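Novice: Let me begin by handing over the structure; questions about it come next.
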Amino acid sequence: MAGSFLLIAILLLGQTAAQVDITSPADIIRGVPNDGDWPANESPNLAIDDDINTKFLHFKGQTQPTGFQVSPSTGSTIVTGLTLTTANDAPERDPVTFELSGSNAGIDGPYALIARGDVVDFAGATSWPRFTKNATPITFPNKEAYMHYQLVFMRVRDAAGANSMQIAEVELLGSAAGVLPPEETPDEPGTQLGDGSVVISEFMAVNENGFSTTVEGKTVYSDWIEIHNAGAGAVSLGGWYLTDDPDDLTKWALPAVQIAAGGFLVVFASGIEQADHPENWPYRDPRGYYHANFNLHGDGEYLALVAPDLQVACEYASYAGGEDVVGFPPQRADLSYGLYGNQEQYFAPPTPGGANAPGYASISQEPVFSREGGTFFGYFLLELSSPNPAAEIYWTVDGQVPTLSSPKYTGPFPVVGTREVLARACEPGKAPSAVVSRTYIALANDVLSFNSNLPIVIVDTNRQGIGANLSRVTSVVIDTGEQGRAKITDPPDFAGRGGLKTRGKSTGNQAKHQYGFEVRD
């Protein structure tokens, strides 16, 4: 489970929800043209990494349309607006016109035009400030839902003075196809079928970069369950239940919402109890989403939809030895699982609120690193491998999530300086593997003999300034061994990302700050 707090919220699909950025840093993305004509540290994925301090730069943008294609992990969406943020320098490279298209066939297209227009603020007489989002809204009418998008910038501000196109951050503003928090309709009960036409068609048990909602003022990501009405008439869910316990079929009662014929209902996963909000039960958050009292487990568990007659309408379960219940198989972050026809499959990308595309029967095995994370001196050659020799491995050395536009592993490569290496494998006919990472921190020669009777914490800030907000850093923690001492060259107890910030109002202006340091294993 991604985090200790999991929510179940319900959305009725069929209308339009609040406009949010439908992209996330883990989405599959590639350049247009996808020829690698960009610096290694200014690749297409940095256009949607939620960090205005990075940027995507394409050298062909001076003379031709350039941009990216992306497959949002949120599935089928309706986009009706954009936001664009300028990069750190060179305003002559700012895009001043755009063209957005969508596709349901695949990231390769074909693409249908959604909108084209000017970026008014970036084209003004005075260049737009650096690291700044457009102020003049970029919106357009659109009712078509798509799984894949292509955004290209047709011109830059000053082609004669530019050598490329660059953009710090792009947001595609929209909503999941037809998503709207449901209204209860007790006066229109519809039918209450238990004949197999209402099923759990898809769910995600490890949601790290998908849907989000707001609970008690915080943005939270929750796992979700999709219910599909495959029948010919509307169905009221009054009297229906969701459960993760075969011995408690009425664990959580669905509110009396209707699903139209052929419609979908998305349930975001939760754990909020009635005792937490007795005045608002079933709990409905400020954005209108309902929350239930159980959650999903990424390692696999029982999951069922129960009809009003307390018969199981749909379940993810098998029975070992005829009695022991075994639920759905282990899940991977940001992959969904569900039904394509009558076959259970993994789906990438997920399609909450829409029909499932053909998926995968299994998940690729994770890549293997030839060296565990930790400290090193000088440099070393790192090898990546897969138990399946037919697998392709994509990797990065800047902490960014590997995508199909990332370098493909072809042989050992040198690790020089502190690096966070991420890799994922793609086997033929299987869903991509989970992302695997190793952190390597380079040591200077004069500290190799350092040891301590206290745990050693090493933080590499990558020469960035540290302020009051958490900054991402690379870190290693080495605990004391059996002899009561920690050596800086010992294998680490933790090696990975950390967060560092200054602490204390009274010491904030002093040369030596107090710091707050956080890690998440």
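Letters A, B, ... mark the chains of the structure tokens in the order given; residue numbers begin at 1 per chain; ligand numbers begin at 1, in order shown.
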Tell me, as number ranges by chain, which residues lie within 6 Å of Arg438 (chain A), counting only C-alpha atoms; anything in the same chain fewer than 6 positions away does not count.

Specialist: A: 373, 420-421

Novice: Write out, as a compact mmCIF listing (two decimals), in the first residue's frame, the residues just selected, with C-alpha atoms.

Specialist:
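Below is the file that was written, selection-v7.txt:
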# COMPACT_ATOMS: atom_id res chain seq x y z
CA GLY A 373 23.25 1.12 -3.26
CA GLU A 420 20.18 7.80 -8.11
CA VAL A 421 19.71 5.14 -10.80

Novice: What are the closest atom pairs, with distances in Å to one decimal, for each residue of region 235-259 of chain A lying within 9 Å of region 288-301 of chain A, using only C-alpha atoms, rows by chain and rising residue number, as a tab-separated table?

Specialist:
residue	atom	partner	partner_atom	distance
A:Leu242	CA	A:Ala292	CA	8.9
A:Thr243	CA	A:Phe294	CA	7.6
A:Asp244	CA	A:Glu301	CA	7.0
A:Asp245	CA	A:Glu301	CA	8.6
A:Lys251	CA	A:Asn293	CA	7.7
A:Trp252	CA	A:Ala292	CA	6.4
A:Ala253	CA	A:Ala292	CA	8.3
A:Leu254	CA	A:Ala292	CA	8.5
A:Pro255	CA	A:Tyr290	CA	8.6

Novice: Restrict the selected residues to N, CA and C atoms and save them as a short mmCIF file (atom, residue, chain, number, x, y, z; two decimals), in the first residue's frame.

Specialist:
data_model
loop_
_atom_site.label_atom_id
_atom_site.label_comp_id
_atom_site.auth_asym_id
_atom_site.auth_seq_id
_atom_site.Cartn_x
_atom_site.Cartn_y
_atom_site.Cartn_z
N LEU A 242 -19.92 -3.27 -0.91
CA LEU A 242 -18.55 -3.64 -1.27
C LEU A 242 -17.88 -4.22 -0.03
N THR A 243 -17.03 -5.22 -0.23
CA THR A 243 -16.36 -5.84 0.91
C THR A 243 -15.01 -6.40 0.49
N ASP A 244 -14.11 -6.47 1.47
CA ASP A 244 -12.85 -7.17 1.28
C ASP A 244 -12.75 -8.35 2.24
N ASP A 245 -13.88 -8.75 2.81
CA ASP A 245 -13.92 -9.83 3.80
C ASP A 245 -15.02 -10.82 3.44
N LYS A 251 -19.98 -5.28 4.64
CA LYS A 251 -18.99 -4.45 5.32
C LYS A 251 -19.20 -2.97 5.05
N TRP A 252 -19.50 -2.61 3.80
CA TRP A 252 -19.75 -1.20 3.49
C TRP A 252 -20.90 -1.08 2.50
N ALA A 253 -21.92 -0.34 2.93
CA ALA A 253 -23.12 -0.16 2.10
C ALA A 253 -22.92 0.99 1.13
N LEU A 254 -23.14 0.71 -0.15
CA LEU A 254 -23.07 1.76 -1.16
C LEU A 254 -24.24 2.72 -0.99
N PRO A 255 -24.04 4.02 -1.22
CA PRO A 255 -25.17 4.95 -1.20
C PRO A 255 -26.08 4.71 -2.39
#

Novice: Could you please determine the separation between CA of Leu100 (chain A) and CA of Ala112 (chain A) in Å, to one decimal place?

Specialist: 8.6 Å

Novice: Tell me which of A:Tyr221, A:Phe68, A:Tyr440, A:Tyr337 sits closest to Asp460 (chain A), counting only C-alpha atoms.

Specialist: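 So, comparing all the options, the nearest one is A:Tyr440.
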
Novice: Considering only C-alpha atoms, tabulate each residue of region 3-89 of chain A that lies at most 12 Å from region 125-132 of chain A along with its nearest interatomic pair and the corresponding distance in Å to one decimal; arrange the rows by chain and ascending residue number and present them as a tab-separated table.

Specialist:
residue	atom	partner	partner_atom	distance
A:Asp51	CA	A:Phe131	CA	10.0
A:Ile52	CA	A:Phe131	CA	6.2
A:Asn53	CA	A:Phe131	CA	7.4
A:Thr54	CA	A:Phe131	CA	9.6
A:Lys55	CA	A:Phe131	CA	10.0
A:Thr83	CA	A:Thr132	CA	10.3
A:Leu84	CA	A:Thr132	CA	8.2
A:Thr85	CA	A:Thr132	CA	5.1
A:Thr86	CA	A:Phe131	CA	5.0
A:Ala87	CA	A:Phe131	CA	5.3
A:Asn88	CA	A:Arg130	CA	5.4
A:Asp89	CA	A:Arg130	CA	6.5

Novice: To test your reading of the structure, identify every residue in region 154-271 of chain A that backbone DSSP assigns to strand (DSSP E or B), and report it as number ranges by chain.

Specialist: A: 154-156, 165-167, 169-176, 179-180, 191, 198-204, 212-215, 218-221, 224-229, 235-236, 241-243, 252-253, 258-259, 264-268

Novice: Could you dump the residues just selected with N, CA and C atoms as a compact mmCIF listing (two decimals), in the first residue's frame?

Specialist:
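File produced: result-v1.txt:
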# COMPACT_ATOMS: atom_id res chain seq x y z
N MET A 154 4.01 25.12 -32.24
CA MET A 154 4.26 25.37 -33.65
C MET A 154 5.35 26.41 -33.87
N ARG A 155 5.45 27.39 -32.97
CA ARG A 155 6.46 28.44 -33.12
C ARG A 155 7.00 28.84 -31.75
N VAL A 156 8.21 29.40 -31.74
CA VAL A 156 8.78 29.97 -30.52
C VAL A 156 8.81 31.49 -30.65
N MET A 165 13.27 24.95 -28.60
CA MET A 165 12.05 25.25 -27.84
C MET A 165 12.24 24.70 -26.44
N GLN A 166 11.77 25.44 -25.44
CA GLN A 166 11.88 24.93 -24.08
C GLN A 166 10.63 25.30 -23.29
N ILE A 167 10.29 24.44 -22.33
CA ILE A 167 9.15 24.68 -21.45
C ILE A 167 9.45 24.01 -20.11
N GLU A 169 7.12 23.52 -17.46
CA GLU A 169 6.04 22.67 -16.96
C GLU A 169 4.80 22.85 -17.81
N VAL A 170 4.11 21.74 -18.06
CA VAL A 170 2.86 21.73 -18.81
C VAL A 170 1.81 21.02 -17.97
N GLU A 171 0.63 21.61 -17.87
CA GLU A 171 -0.51 20.95 -17.25
C GLU A 171 -1.61 20.81 -18.29
N LEU A 172 -2.13 19.60 -18.47
CA LEU A 172 -3.32 19.37 -19.28
C LEU A 172 -4.50 19.36 -18.33
N LEU A 173 -5.36 20.36 -18.43
CA LEU A 173 -6.45 20.52 -17.48
C LEU A 173 -7.69 19.81 -17.97
N GLY A 174 -8.22 18.93 -17.14
CA GLY A 174 -9.41 18.18 -17.52
C GLY A 174 -9.91 17.34 -16.38
N SER A 175 -10.62 16.28 -16.73
CA SER A 175 -11.18 15.37 -15.73
C SER A 175 -11.28 14.00 -16.33
N ALA A 176 -11.36 12.99 -15.48
CA ALA A 176 -11.60 11.64 -15.96
C ALA A 176 -12.91 11.61 -16.72
N VAL A 179 -16.57 12.00 -15.16
CA VAL A 179 -16.55 11.83 -13.71
C VAL A 179 -17.26 12.99 -13.03
N LEU A 180 -18.18 12.67 -12.14
CA LEU A 180 -18.82 13.66 -11.29
C LEU A 180 -19.21 12.98 -10.00
N THR A 191 -33.50 -0.25 -11.24
CA THR A 191 -33.59 -1.68 -10.96
C THR A 191 -32.50 -2.07 -9.99
N VAL A 198 -23.80 -6.38 -13.35
CA VAL A 198 -23.06 -5.36 -12.60
C VAL A 198 -21.82 -6.03 -12.02
N VAL A 199 -20.64 -5.52 -12.40
CA VAL A 199 -19.39 -6.18 -12.02
C VAL A 199 -18.37 -5.15 -11.56
N ILE A 200 -17.38 -5.62 -10.83
CA ILE A 200 -16.16 -4.83 -10.58
C ILE A 200 -15.28 -5.03 -11.80
N SER A 201 -15.24 -4.05 -12.66
CA SER A 201 -14.56 -4.21 -13.94
C SER A 201 -13.08 -3.87 -13.88
N GLU A 202 -12.68 -3.09 -12.88
CA GLU A 202 -11.27 -2.66 -12.81
C GLU A 202 -11.01 -2.08 -11.43
N PHE A 203 -9.81 -2.23 -10.94
CA PHE A 203 -9.42 -1.58 -9.68
C PHE A 203 -7.91 -1.36 -9.67
N MET A 204 -7.49 -0.45 -8.81
CA MET A 204 -6.06 -0.20 -8.61
C MET A 204 -5.78 -0.25 -7.12
N SER A 212 -6.74 11.91 -7.40
CA SER A 212 -6.55 12.46 -6.06
C SER A 212 -7.84 13.14 -5.63
N THR A 213 -7.98 13.33 -4.33
CA THR A 213 -9.10 14.07 -3.80
C THR A 213 -8.62 14.84 -2.59
N THR A 214 -9.52 15.54 -1.91
CA THR A 214 -9.14 16.35 -0.76
C THR A 214 -9.84 15.84 0.48
N VAL A 215 -9.07 15.57 1.52
CA VAL A 215 -9.60 15.13 2.80
C VAL A 215 -8.97 15.97 3.90
N LYS A 218 -6.15 18.24 2.83
CA LYS A 218 -4.96 17.67 2.22
C LYS A 218 -5.31 16.92 0.95
N THR A 219 -4.44 17.03 -0.05
CA THR A 219 -4.59 16.25 -1.27
C THR A 219 -4.09 14.84 -1.00
N VAL A 220 -4.93 13.85 -1.29
CA VAL A 220 -4.57 12.46 -1.01
C VAL A 220 -4.80 11.62 -2.25
N TYR A 221 -3.96 10.62 -2.43
CA TYR A 221 -4.08 9.66 -3.51
C TYR A 221 -4.60 8.35 -2.92
N TRP A 224 -8.51 2.65 -6.07
CA TRP A 224 -9.88 2.79 -6.53
C TRP A 224 -10.43 1.49 -7.10
N ILE A 225 -11.77 1.44 -7.14
CA ILE A 225 -12.52 0.31 -7.67
C ILE A 225 -13.52 0.85 -8.68
N GLU A 226 -13.61 0.22 -9.82
CA GLU A 226 -14.55 0.63 -10.86
C GLU A 226 -15.66 -0.42 -10.98
N ILE A 227 -16.91 0.05 -10.86
CA ILE A 227 -18.09 -0.81 -11.03
C ILE A 227 -18.72 -0.49 -12.37
N HIS A 228 -19.05 -1.50 -13.14
CA HIS A 228 -19.60 -1.32 -14.48
C HIS A 228 -20.98 -1.96 -14.57
N ASN A 229 -21.94 -1.20 -15.09
CA ASN A 229 -23.28 -1.72 -15.35
C ASN A 229 -23.36 -2.11 -16.82
N VAL A 235 -29.25 1.08 -12.94
CA VAL A 235 -29.21 0.29 -11.71
C VAL A 235 -29.00 1.23 -10.53
N SER A 236 -29.85 1.12 -9.50
CA SER A 236 -29.63 1.83 -8.25
C SER A 236 -28.79 0.95 -7.34
N TYR A 241 -23.42 -3.71 -1.62
CA TYR A 241 -22.30 -3.60 -0.70
C TYR A 241 -20.98 -3.88 -1.43
N LEU A 242 -19.92 -3.27 -0.91
CA LEU A 242 -18.55 -3.64 -1.27
C LEU A 242 -17.88 -4.22 -0.03
N THR A 243 -17.03 -5.22 -0.23
CA THR A 243 -16.36 -5.84 0.91
C THR A 243 -15.01 -6.40 0.49
N TRP A 252 -19.50 -2.61 3.80
CA TRP A 252 -19.75 -1.20 3.49
C TRP A 252 -20.90 -1.08 2.50
N ALA A 253 -21.92 -0.34 2.93
CA ALA A 253 -23.12 -0.16 2.10
C ALA A 253 -22.92 0.99 1.13
N GLN A 258 -27.29 5.94 -8.87
CA GLN A 258 -27.64 5.16 -10.05
C GLN A 258 -26.48 5.10 -11.02
N ILE A 259 -26.35 3.95 -11.67
CA ILE A 259 -25.42 3.81 -12.79
C ILE A 259 -26.27 3.57 -14.03
N PHE A 264 -20.40 3.57 -15.63
CA PHE A 264 -19.37 3.15 -14.69
C PHE A 264 -19.47 3.95 -13.39
N LEU A 265 -19.00 3.36 -12.33
CA LEU A 265 -18.88 4.01 -11.03
C LEU A 265 -17.49 3.73 -10.51
N VAL A 266 -16.74 4.78 -10.17
CA VAL A 266 -15.39 4.60 -9.66
C VAL A 266 -15.38 4.80 -8.15
N VAL A 267 -14.81 3.85 -7.45
CA VAL A 267 -14.75 3.88 -6.00
C VAL A 267 -13.29 4.04 -5.58
N PHE A 268 -12.99 5.14 -4.90
CA PHE A 268 -11.63 5.33 -4.41
C PHE A 268 -11.51 4.76 -3.01

Novice: Find the spatial neighbours of Pro72 (chain A), counting only C-alpha atoms, within a cut-off of 7 Å - ignore same-chain residues fewer than 4 positions away - and output them as a PDB file with N, CA and C atoms, in the first residue's frame.

Specialist:
ATOM      1  N   ILE A  22      -4.317  16.376 -15.484  1.00  0.00           N
ATOM      2  CA  ILE A  22      -4.529  14.937 -15.633  1.00  0.00           C
ATOM      3  C   ILE A  22      -3.223  14.193 -15.905  1.00  0.00           C
ATOM      4  N   THR A  23      -2.094  14.898 -15.945  1.00  0.00           N
ATOM      5  CA  THR A  23      -0.803  14.222 -16.112  1.00  0.00           C
ATOM      6  C   THR A  23      -0.146  14.016 -14.754  1.00  0.00           C
ATOM      7  N   ASP A  27       3.752   9.155 -15.863  1.00  0.00           N
ATOM      8  CA  ASP A  27       3.081   8.836 -17.123  1.00  0.00           C
ATOM      9  C   ASP A  27       4.088   8.480 -18.217  1.00  0.00           C
ATOM     10  N   MET A 147      -7.444   8.752 -24.507  1.00  0.00           N
ATOM     11  CA  MET A 147      -6.487   8.026 -23.670  1.00  0.00           C
ATOM     12  C   MET A 147      -5.060   8.553 -23.841  1.00  0.00           C
ATOM     13  N   HIS A 148      -4.789   9.201 -24.976  1.00  0.00           N
ATOM     14  CA  HIS A 148      -3.435   9.654 -25.305  1.00  0.00           C
ATOM     15  C   HIS A 148      -3.524  11.068 -25.880  1.00  0.00           C
TER      16      HIS A 148
END

Novice: I need the residue nearest Gly61 (chain A) from this list: A:Val119, A:Ala495, A:Ala486, A:Val96. Use only C-alpha atoms for the distance.

Specialist: A:Val96

Novice: Contacts of Val476 (chain A) at 12 Å or less, counting only C-alpha atoms, minus same-chain residues fewer than 3 places along, as a PDB file with C-alpha atoms, in the first residue's frame?

Specialist:
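Ended up saving to around_21.pdb:
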ATOM      1  CA  GLY A 373      23.249   1.123  -3.258  1.00  0.00           C
ATOM      2  CA  GLY A 374      25.682   2.793  -0.881  1.00  0.00           C
ATOM      3  CA  THR A 375      28.953   4.697  -0.929  1.00  0.00           C
ATOM      4  CA  PHE A 376      31.840   4.352  -3.361  1.00  0.00           C
ATOM      5  CA  THR A 418      26.500  10.745  -6.670  1.00  0.00           C
ATOM      6  CA  ARG A 419      23.658   9.196  -8.636  1.00  0.00           C
ATOM      7  CA  GLU A 420      20.177   7.802  -8.115  1.00  0.00           C
ATOM      8  CA  ARG A 438      19.624   2.247  -6.239  1.00  0.00           C
ATOM      9  CA  THR A 439      21.390   5.257  -4.731  1.00  0.00           C
ATOM     10  CA  TYR A 440      25.164   5.647  -4.976  1.00  0.00           C
ATOM     11  CA  ILE A 441      26.999   8.395  -3.074  1.00  0.00           C
ATOM     12  CA  ALA A 442      30.544   9.273  -4.130  1.00  0.00           C
ATOM     13  CA  LEU A 443      33.104   9.781  -1.361  1.00  0.00           C
ATOM     14  CA  PRO A 455      25.103   6.177  13.086  1.00  0.00           C
ATOM     15  CA  ILE A 456      26.440   7.997  10.022  1.00  0.00           C
ATOM     16  CA  VAL A 457      24.051  10.035   7.884  1.00  0.00           C
ATOM     17  CA  ILE A 458      25.365  11.270   4.519  1.00  0.00           C
ATOM     18  CA  VAL A 459      23.361  13.859   2.584  1.00  0.00           C
ATOM     19  CA  ASP A 460      24.257  15.080  -0.914  1.00  0.00           C
ATOM     20  CA  VAL A 473      18.395  15.179  -1.572  1.00  0.00           C
ATOM     21  CA  ASP A 479      24.033   2.207  11.510  1.00  0.00           C
ATOM     22  CA  ILE A 488      31.575   5.211   6.135  1.00  0.00           C
ATOM     23  CA  THR A 489      32.397   2.393   3.708  1.00  0.00           C
ATOM     24  CA  ASP A 490      30.048  -0.129   5.391  1.00  0.00           C
ATOM     25  CA  PRO A 491      26.958  -1.376   3.515  1.00  0.00           C
ATOM     26  CA  PRO A 492      24.147   1.097   4.250  1.00  0.00           C
ATOM     27  CA  ASP A 493      20.988   0.411   6.193  1.00  0.00           C
ATOM     28  CA  PHE A 494      19.232   2.928   3.937  1.00  0.00           C
ATOM     29  CA  ALA A 495      20.189   4.445   0.595  1.00  0.00           C
ATOM     30  CA  GLY A 496      17.689   6.549  -1.299  1.00  0.00           C
ATOM     31  CA  ARG A 497      15.886   9.851  -1.518  1.00  0.00           C
ATOM     32  CA  GLY A 498      15.539  12.137   1.443  1.00  0.00           C
ATOM     33  CA  GLY A 499      14.201  15.571   2.228  1.00  0.00           C
ATOM     34  CA  PHE A 517      15.907  15.590   7.600  1.00  0.00           C
ATOM     35  CA  GLU A 518      13.349  13.030   6.455  1.00  0.00           C
ATOM     36  CA  VAL A 519      13.581   9.743   4.586  1.00  0.00           C
ATOM     37  CA  ARG A 520      10.939   7.281   3.407  1.00  0.00           C
ATOM     38  CA  ASP A 521      11.944   3.690   2.867  1.00  0.00           C
TER      39      ASP A 521
END

Novice: Between CA of Arg332 (chain A) and CA of Val206 (chain A), what is the distance in Å, rounded to a tenth?

Specialist: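 Separating CA of Arg332 (chain A) from CA of Val206 (chain A) is a distance of 6.3 Å.
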
Novice: Tell me which protein, DNA and RNA residues are within 12 Å of Leu249 (chain A), counting only C-alpha atoms, leaving out same-chain ones fewer than 3 positions away, and put them as a ChimeraX atom specification.

Specialist: /A:239-246,252-253,302-315

Novice: Residues of the last selection are to be written out with C-alpha atoms, as a PDB file, in the first residue's frame.

Specialist:
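What follows is the written file selection-v1.pdb:
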ATOM      1  CA  GLY A 239     -28.820  -2.016  -0.866  1.00  0.00           C
ATOM      2  CA  TRP A 240     -25.573  -3.076  -2.559  1.00  0.00           C
ATOM      3  CA  TYR A 241     -22.295  -3.603  -0.700  1.00  0.00           C
ATOM      4  CA  LEU A 242     -18.551  -3.637  -1.266  1.00  0.00           C
ATOM      5  CA  THR A 243     -16.357  -5.836   0.907  1.00  0.00           C
ATOM      6  CA  ASP A 244     -12.847  -7.173   1.276  1.00  0.00           C
ATOM      7  CA  ASP A 245     -13.925  -9.827   3.802  1.00  0.00           C
ATOM      8  CA  PRO A 246     -15.692 -13.036   2.677  1.00  0.00           C
ATOM      9  CA  TRP A 252     -19.747  -1.201   3.488  1.00  0.00           C
ATOM     10  CA  ALA A 253     -23.118  -0.160   2.105  1.00  0.00           C
ATOM     11  CA  TYR A 302     -10.479 -10.773  -1.390  1.00  0.00           C
ATOM     12  CA  LEU A 303     -12.685  -8.183  -3.113  1.00  0.00           C
ATOM     13  CA  ALA A 304     -16.393  -8.480  -3.882  1.00  0.00           C
ATOM     14  CA  LEU A 305     -19.523  -6.620  -4.926  1.00  0.00           C
ATOM     15  CA  VAL A 306     -22.621  -7.925  -3.125  1.00  0.00           C
ATOM     16  CA  ALA A 307     -26.214  -7.567  -4.400  1.00  0.00           C
ATOM     17  CA  PRO A 308     -29.217  -6.613  -2.206  1.00  0.00           C
ATOM     18  CA  ASP A 309     -30.156 -10.291  -1.790  1.00  0.00           C
ATOM     19  CA  LEU A 310     -26.686 -10.784  -0.226  1.00  0.00           C
ATOM     20  CA  GLN A 311     -25.535 -12.879  -3.142  1.00  0.00           C
ATOM     21  CA  VAL A 312     -22.039 -12.134  -4.407  1.00  0.00           C
ATOM     22  CA  ALA A 313     -22.498 -10.412  -7.776  1.00  0.00           C
ATOM     23  CA  CYS A 314     -18.781 -10.283  -8.596  1.00  0.00           C
ATOM     24  CA  GLU A 315     -15.680 -11.332  -6.703  1.00  0.00           C
TER      25      GLU A 315
END

Novice: I need the helix (DSSP H, G or I) residues of region 27-209 of chain A per DSSP on the backbone, written as a compact mmCIF listing (two decimals) with C-alpha atoms, in the first residue's frame.

Specialist:
# COMPACT_ATOMS: atom_id res chain seq x y z
CA PRO A 44 10.40 15.20 -22.39
CA ASN A 45 9.37 13.73 -19.02
CA LEU A 46 10.56 16.93 -17.32
CA ALA A 47 7.64 18.80 -18.92
CA ILE A 48 5.24 16.99 -16.56
CA PHE A 59 16.67 21.55 -30.35
CA LYS A 60 14.43 21.23 -33.42
CA GLY A 61 11.92 23.66 -31.91
CA GLN A 62 13.66 26.60 -33.54
CA PRO A 91 12.76 33.79 -23.39
CA GLU A 92 13.35 33.58 -27.15
CA ARG A 93 12.75 29.81 -26.78
CA ASP A 121 1.34 35.95 -22.45
CA PHE A 122 4.48 34.40 -23.93
CA ALA A 123 4.06 36.34 -27.19

Novice: Kindly give the distance, in Å, that separates CA of Leu500 (chain A) and CA of Gly516 (chain A), rounded to a single decimal.

Specialist: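 It comes out at 5.7 Å.
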
Novice: Can you tell me which residues surround region 34-38 of chain A at a distance of at most 12 Å, considering only C-alpha atoms, apart from same-chain residues fewer than 2 positions away, and format the answer as a ChimeraX atom specification?

Specialist: /A:29-32,40-46,55-61,65-70,107-108,150,152,163-166,404-408
